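**Q** So that we are looking at the same thing, I have put the structure below in structure tokens.
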Amino acid sequence: MMNKENNILNISDKDLAFIKKVLTEEKKPFSLVDLSQKLAFQKNSKQLNQEVKVYSPSGLYEVDDLIYRVYDEPLVVSSKGTEHFSGAVVLKVINKITYESFGCEMLEVDYTGGGIFRRHIDYMKKSKTQVLIPSNQDARNEKPDALKREEDPRLHELPMTDKDFRSLGKNLSHSLAGSGDFFSWNNFWQLSTNRIAVSPKQIDQVQKKINASQKSVPTKDLVRDLFSMKVKDPLFHLQCLSLNATLESLKKQFVFVSPEDEGRWHLKSILDALIQDLPLSAKRVRVPAYTDGIKPEISTSQKFPLKLYLTWRELFSGGVIIPKHLHRELAAIREYRFTDLGSGDIYTVYYYSNIHSFIGLKDYFQKHNVPQGSSLSLKRNGPADFSFSIKKGKKKIEIPKIGYNKDKDEFFLEKGDVHSYCMPNKIIFLEKNAMEELFRAYNLRKKADLQDLLVYVYKNFGFEGDDQFLHYLRAYHLLTLLKLTYQEDVETVLLNSPEFERSEKKKGIFFYREKIVTEDVEIEKKPAPSPSGAKTPSPSGEEGKKRMPSIGTIAPEPGSAAAEEMPKLRIIEPEVPPVREKIESVSPVEPARTKPVSPPTEREPKEKKLPEAEEAKLTLQKAKDEKTKKAKDKKKGHPLKTETERGARRHRKGVRKIREEEIELEESEMEALSALKSAFDDKVIEEPLKEEPLKEGEKKKQEEEYPVFVKDEEPTSGLFAAKLKTALVETKKEKEKQKAARKRRRR
């Protein structure tokens with residue numbers, strides 16, 4: 001750090017008197033940087049008057065001495081590495097330590113300048129390490145030589161660090177502005193007594209000159225034409241400074257657009273008329289306020305050179321929207337030159353910070369029929385110079401013709417198409433049918449904010465999968481047709497709205513999940529049957545009072561007033577097909593024809609519900625669905641999985657683990673098949689069937705109701721049907737063998 005006793009960063013009356021002396025000697029504008037340098041050397045002049053001793057290892061030095069030493073070695077400037085320093089510095093002795101055992105003295109030194117050596121000193125202080133150099137070796141007590149004044153490096157180097165120099169300039173600017181003895185324009189200063197007056201008549205002439213050309217006019221031309229002064233005149237630059245300061249005070253009439261040619265000026269009325277009734281100057285859509293919300297990341301990370309995709313609003317306005325965070329880099333200048341890399345044509349454009357856009361490329365867009373979604377590359381070559389290009393192809397493409405109603409701020413399709421060599425981005429480009437559907441939704445934007453419009457866009461134009469998804473740039477281009485908005489606002493709403501979720505793998509993709517509205521009085525699923533011996537819990541509290549009648553009362557009849565007051569319950573029961581029907585559809589095995597199946601009597605139900613069979617059937621169906629879904633996901637590569645499912649399996653499973661899961665799945669399938677087969681055998685095969693004599697008409701009717709399945713061809717139901725068929729056939733053969741054995745015993 002600098003020596004605090006000097007207070008070289010503070011501006012005193014003595015310092016202001018020194019600045020006045022400098023400005024009086026030369027009647028020309030001085031920049032703030034020049035004045036700060038002169039003041040820094042002036043503040044350091046006391047040290048320049050002190051004698052500087054040349055360093056020698058055997059020389060004798062005292063505290064507060066100045067030592068001149070030459071370095072040519074790498075210096076540690078940070079914890080990450082070193083930098084090579086070659087040059088001479090003037091060091092100040094702040095402490096001296098005597099080591100009698102080593103026969104020398106160690107000098108602790110400090111440095112008040114800047115550059116690499118100052119960074120080395122600061123790092124050593126930060127790490128609490130002394131900077132020591134040996135002296136008076138072997139107690140020789142030699143007198144060091146004095147440095148010649150013209151060889152002092154402080155005469156040519158800034159006597160402070162860059163950070164201290166910026167602080168000094170800031171303090172000096174504040175002090176000069178607070179004093180009435182100085183006037184300035186664009187950080188150029190002079191004494192108020194040296195200012196040249198500008199009459200109102202000359203101001204009117206300046207306004208007429210700009211009106212006649214409809215372009216910005218440089219201050220040099222105004223001084224040369226209106227004040228009859230040449231550039232060689234000693235007061236020419238002072239006259240330019242005085243005129244610029246006067247025009248800057250008339251902000252309602254004149255606008256400073258560029259610092260080139262001693263400053264360029266334009267009329268405010270002309271610049272305001274350039275953006276009047278443009279699509280980019282329309283009313284913006286309202287953005288919801290989010291407290292402590294997530295800030296946008298993609299749109300705020302862009303830097304020059306930029307790659308931008310043009311919207312229909314930009315094309316009809318002849319403008320280019322620039323990211324908001326680049327405002328500081330562009331706001332100092334209003335007028336820029338854009339050079340087309342293809343043809344070399346130069347276009348004059350103006351930057352409007354209120355709409356974050358460059359305006360002035362309408363002729364270029366119309367000449368080349370630039371479509372929406374075209375890629376524009378923008379590179380900054382200088383303070384006021386840019387070069388741009390638009391991606392083009394070898395063949396012309398057909399694009400729809402669009403019109404704009406400035407009174408209603410609405411776009412519409414016109415008859416016919418246009419052709420262009422410009423190639424739009426395939427994902428961002430809006431098709432004709434999409435725009436037609438979007439134009440019919442202009443009535444939705446009256447009371448809707450940006451979040452509501454985004455929900456509409458994702459629901460109607462999103463790609464469907466497990467969830468509706470869309471790239472945020474395509475959503476932004478769709479929204480700009482409805483109402484004016486910016487990329488940062490779209491990304492902010494997508495990041496902070498609960499309906500949208502950002503993709504972790506694909507940059508810029510957002511998923512839309514519609515809110516699920518639940519009803520308290522609606523029962524979506526039938527409660528599972530309670531186990532044997534367990535009682536079903538009865539409703540309690542206020543809910544139970546509403547749902548069940550009081551004890552000792554009778555439930556109201558349907559259609560009565562009391563029945564209408566009761567909450568209506570909708571019970572949705574899952575449909576479970578009969579077990580026999582499922583088995584027959586899976587494996588149409590030919591039954592034995594020796595014993596025809598008789599229709600069920602009135603006492604017996606048509607089909608007895610078997611809990612074990614139902615459980616086996618559901619287990620089998622679940623295993624089939626699980627295996628089918630697994631094969632489908634493996635084939636498609638999980639393109640539309642939700643982010644929750646993706647995050648659940650971040651690590652790839654090993655081959656052994658996958659094989660174990662397959663074995664478990666096959667075992668569960670075999671158990672389900674075995675239970676299903678056992679239930680079927682007990683019901684259909686093992687139960688004795690009661691035969692009753694039937695009449696001829698009843699037999700014919702029975703055959704129509706219960707047709708006999710005949711094996712005509714091989715089943716094509718898949719692996720599970722084949723397994724079930726094999727199991728049933730083997731069981732049938734075993735039963736036939738047992739039956740034949742019983743007949744032999746009876747004989």
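Chains: A, B, ... in order of the structure tokens. Residues: from 1 per chain. Ligands: from 1, in order shown.
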Would you list the contacts of Lys125 (chain A) as a PyMOL selection string, taking every protein, DNA or RNA residue within 12 Å and counting only C-alpha atoms, but skipping same-chain residues closer than 6 positions in sequence?
**A** chain A and resi 1+76-78+108-111+118-119+131
**Q** What parts of region 248-434 of chain A does DSSP call strand (DSSP E or B)? I'd like the answer as a PyMOL selection string.
**A** chain A and resi 254-258+264-267+284+306-309+319-321+335-340+346-352+357-359+374-380+385-390+392-405+410-422+424
**Q** Measure the distance from CA of Lys143 (chain A) to CA of Leu75 (chain A) in Å and round it to one decimal.
**A** 28.5 Å
**Q** Please, what distance in Å, to one decimal, runs between CA of Leu438 (chain A) and CA of Ile397 (chain A)?
**A**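 We find that CA of Leu438 (chain A) and CA of Ile397 (chain A) lie 22.6 Å from each other.
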**Q** I'd like the contact shell of Phe188 (chain A) - 9 Å cut-off, only C-alpha atoms, skipping same-chain residues fewer than 3 positions apart - returned as a count of residues only.
**A** 8
**Q** One decimal, Å: what's the distance from CA of Asn141 (chain A) over to CA of Leu60 (chain A), could you say?
**A** 5.0 Å
**Q** With only C-alpha atoms as the atoms that count, which of A:Thr161, A:Thr348, A:Ser678, A:Ser258 lies nearest to Phe117 (chain A)?
**A**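 Using only C-alpha atoms, Phe117 (chain A) sits closest to A:Thr161.
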**Q** Choose the residue, out of A:Arg380, A:Val255, A:Pro371, A:Glu501, that has the smallest atom-to-atom separation from Pro305 (chain A); count only C-alpha atoms.
**A**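 The answer is A:Arg380, which sits nearest to Pro305 (chain A).
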**Q** Give the helix (DSSP H, G or I) residues of region 206-325 of chain A, as DSSP finds them on the backbone, and put them as a ChimeraX atom specification.
**A** /A:206-213,219-226,236-249,260-262,268-274,279-281,299-301,312-317,324-325
**Q** How about saving the chosen residues, N, CA and C atoms kept, as a compact mmCIF listing (two decimals), in the first residue's frame?
**A**
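result.txt, written as the output of this step:
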```txt
# COMPACT_ATOMS: atom_id res chain seq x y z
N VAL A 206 -27.10 26.35 -36.18
CA VAL A 206 -26.74 24.94 -36.01
C VAL A 206 -27.96 24.05 -36.22
N GLN A 207 -29.11 24.47 -35.68
CA GLN A 207 -30.33 23.68 -35.82
C GLN A 207 -30.78 23.60 -37.27
N LYS A 208 -30.70 24.71 -38.00
CA LYS A 208 -31.08 24.72 -39.41
C LYS A 208 -30.16 23.82 -40.24
N LYS A 209 -28.88 23.83 -39.91
CA LYS A 209 -27.93 23.01 -40.67
C LYS A 209 -28.22 21.52 -40.50
N ILE A 210 -28.56 21.10 -39.29
CA ILE A 210 -28.87 19.69 -39.06
C ILE A 210 -30.20 19.32 -39.71
N ASN A 211 -31.18 20.21 -39.66
CA ASN A 211 -32.48 19.96 -40.28
C ASN A 211 -32.35 19.78 -41.79
N ALA A 212 -31.48 20.56 -42.39
CA ALA A 212 -31.31 20.50 -43.84
C ALA A 212 -30.71 19.17 -44.29
N SER A 213 -29.76 18.64 -43.52
CA SER A 213 -29.09 17.40 -43.90
C SER A 213 -29.77 16.14 -43.37
N THR A 219 -18.77 18.75 -34.83
CA THR A 219 -18.49 20.07 -34.26
C THR A 219 -17.44 20.81 -35.08
N LYS A 220 -16.50 20.08 -35.65
CA LYS A 220 -15.47 20.72 -36.48
C LYS A 220 -16.07 21.51 -37.63
N ASP A 221 -17.06 20.91 -38.31
CA ASP A 221 -17.70 21.60 -39.43
C ASP A 221 -18.50 22.80 -38.95
N LEU A 222 -19.15 22.68 -37.80
CA LEU A 222 -19.92 23.80 -37.29
C LEU A 222 -19.03 24.99 -36.94
N VAL A 223 -17.89 24.73 -36.31
CA VAL A 223 -16.97 25.82 -35.93
C VAL A 223 -16.35 26.44 -37.18
N ARG A 224 -16.02 25.61 -38.13
CA ARG A 224 -15.40 26.13 -39.35
C ARG A 224 -16.38 26.97 -40.17
N ASP A 225 -17.66 26.55 -40.23
CA ASP A 225 -18.62 27.27 -41.06
C ASP A 225 -19.26 28.44 -40.33
N LEU A 226 -19.59 28.28 -39.06
CA LEU A 226 -20.33 29.32 -38.34
C LEU A 226 -19.42 30.33 -37.66
N PHE A 236 -8.99 27.11 -31.81
CA PHE A 236 -9.98 26.28 -32.50
C PHE A 236 -10.54 25.20 -31.57
N HIS A 237 -9.70 24.49 -30.87
CA HIS A 237 -10.16 23.40 -29.99
C HIS A 237 -10.90 23.96 -28.77
N LEU A 238 -10.49 25.14 -28.32
CA LEU A 238 -11.22 25.75 -27.21
C LEU A 238 -12.61 26.17 -27.65
N GLN A 239 -12.74 26.66 -28.91
CA GLN A 239 -14.05 27.02 -29.44
C GLN A 239 -14.94 25.77 -29.58
N CYS A 240 -14.37 24.65 -30.01
CA CYS A 240 -15.14 23.39 -30.10
C CYS A 240 -15.63 22.96 -28.72
N LEU A 241 -14.76 23.08 -27.72
CA LEU A 241 -15.15 22.72 -26.37
C LEU A 241 -16.27 23.61 -25.86
N SER A 242 -16.19 24.92 -26.15
CA SER A 242 -17.23 25.86 -25.70
C SER A 242 -18.56 25.58 -26.38
N LEU A 243 -18.53 25.28 -27.71
CA LEU A 243 -19.77 24.98 -28.42
C LEU A 243 -20.38 23.67 -27.94
N ASN A 244 -19.57 22.66 -27.70
CA ASN A 244 -20.09 21.38 -27.20
C ASN A 244 -20.74 21.54 -25.83
N ALA A 245 -20.11 22.32 -24.95
CA ALA A 245 -20.68 22.54 -23.63
C ALA A 245 -22.02 23.27 -23.71
N THR A 246 -22.15 24.20 -24.68
CA THR A 246 -23.41 24.93 -24.85
C THR A 246 -24.50 24.02 -25.39
N LEU A 247 -24.18 23.21 -26.41
CA LEU A 247 -25.17 22.30 -26.98
C LEU A 247 -25.60 21.23 -25.98
N GLU A 248 -24.69 20.80 -25.13
CA GLU A 248 -25.04 19.79 -24.12
C GLU A 248 -26.03 20.34 -23.11
N SER A 249 -25.99 21.62 -22.84
CA SER A 249 -26.95 22.21 -21.91
C SER A 249 -28.35 22.30 -22.50
N GLU A 260 -16.46 11.44 -32.11
CA GLU A 260 -15.56 11.64 -33.25
C GLU A 260 -15.65 13.06 -33.79
N ASP A 261 -14.54 13.54 -34.40
CA ASP A 261 -14.49 14.88 -35.02
C ASP A 261 -14.86 15.97 -34.02
N GLU A 262 -14.29 15.89 -32.82
CA GLU A 262 -14.56 16.86 -31.74
C GLU A 262 -16.01 16.81 -31.28
N LYS A 268 -32.93 16.06 -31.47
CA LYS A 268 -33.71 15.08 -30.71
C LYS A 268 -35.02 14.75 -31.41
N SER A 269 -35.62 15.72 -32.07
CA SER A 269 -36.89 15.49 -32.76
C SER A 269 -36.73 14.49 -33.90
N ILE A 270 -35.62 14.54 -34.61
CA ILE A 270 -35.39 13.60 -35.71
C ILE A 270 -35.16 12.19 -35.19
N LEU A 271 -34.39 12.06 -34.13
CA LEU A 271 -34.12 10.73 -33.57
C LEU A 271 -35.38 10.10 -32.99
N ASP A 272 -36.22 10.91 -32.36
CA ASP A 272 -37.47 10.37 -31.81
C ASP A 272 -38.42 9.92 -32.90
N ALA A 273 -38.39 10.62 -34.05
CA ALA A 273 -39.29 10.25 -35.14
C ALA A 273 -38.89 8.94 -35.81
N LEU A 274 -37.62 8.53 -35.67
CA LEU A 274 -37.16 7.30 -36.31
C LEU A 274 -37.81 6.06 -35.72
N PRO A 279 -42.77 -1.50 -34.58
CA PRO A 279 -43.13 -2.63 -33.71
C PRO A 279 -42.26 -2.74 -32.46
N LEU A 280 -41.00 -2.30 -32.54
CA LEU A 280 -40.11 -2.38 -31.37
C LEU A 280 -40.40 -1.30 -30.34
N SER A 281 -41.18 -0.28 -30.70
CA SER A 281 -41.53 0.77 -29.75
C SER A 281 -42.95 0.60 -29.22
N SER A 299 -29.22 -15.81 -21.61
CA SER A 299 -29.28 -14.54 -22.35
C SER A 299 -28.33 -13.51 -21.79
N THR A 300 -27.91 -13.63 -20.54
CA THR A 300 -27.01 -12.65 -19.93
C THR A 300 -25.53 -13.02 -20.07
N SER A 301 -25.24 -14.14 -20.70
CA SER A 301 -23.84 -14.57 -20.86
C SER A 301 -23.28 -14.22 -22.23
N TRP A 312 -39.78 -11.04 -36.29
CA TRP A 312 -40.56 -10.23 -37.23
C TRP A 312 -40.61 -8.77 -36.78
N ARG A 313 -40.61 -8.51 -35.50
CA ARG A 313 -40.63 -7.12 -35.02
C ARG A 313 -39.34 -6.40 -35.40
N GLU A 314 -38.21 -7.08 -35.30
CA GLU A 314 -36.95 -6.46 -35.69
C GLU A 314 -36.91 -6.20 -37.19
N LEU A 315 -37.42 -7.13 -37.99
CA LEU A 315 -37.37 -6.98 -39.43
C LEU A 315 -38.25 -5.82 -39.90
N PHE A 316 -39.44 -5.67 -39.31
CA PHE A 316 -40.32 -4.57 -39.70
C PHE A 316 -39.82 -3.23 -39.15
N SER A 317 -39.03 -3.24 -38.10
CA SER A 317 -38.49 -2.00 -37.53
C SER A 317 -37.14 -1.63 -38.13
N LYS A 324 -29.65 -6.84 -22.74
CA LYS A 324 -29.71 -5.69 -21.85
C LYS A 324 -28.40 -5.45 -21.11
N HIS A 325 -27.68 -6.51 -20.79
CA HIS A 325 -26.47 -6.33 -19.97
C HIS A 325 -25.34 -5.64 -20.74
```
**Q** Counting only C-alpha atoms, which residue out of A:Leu470, A:Ile8, A:Ala475, A:Leu378 sits closest to Lys303 (chain A)?
**A**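 Once distances to Lys303 (chain A) are computed over only C-alpha atoms, the minimum belongs to A:Leu378.
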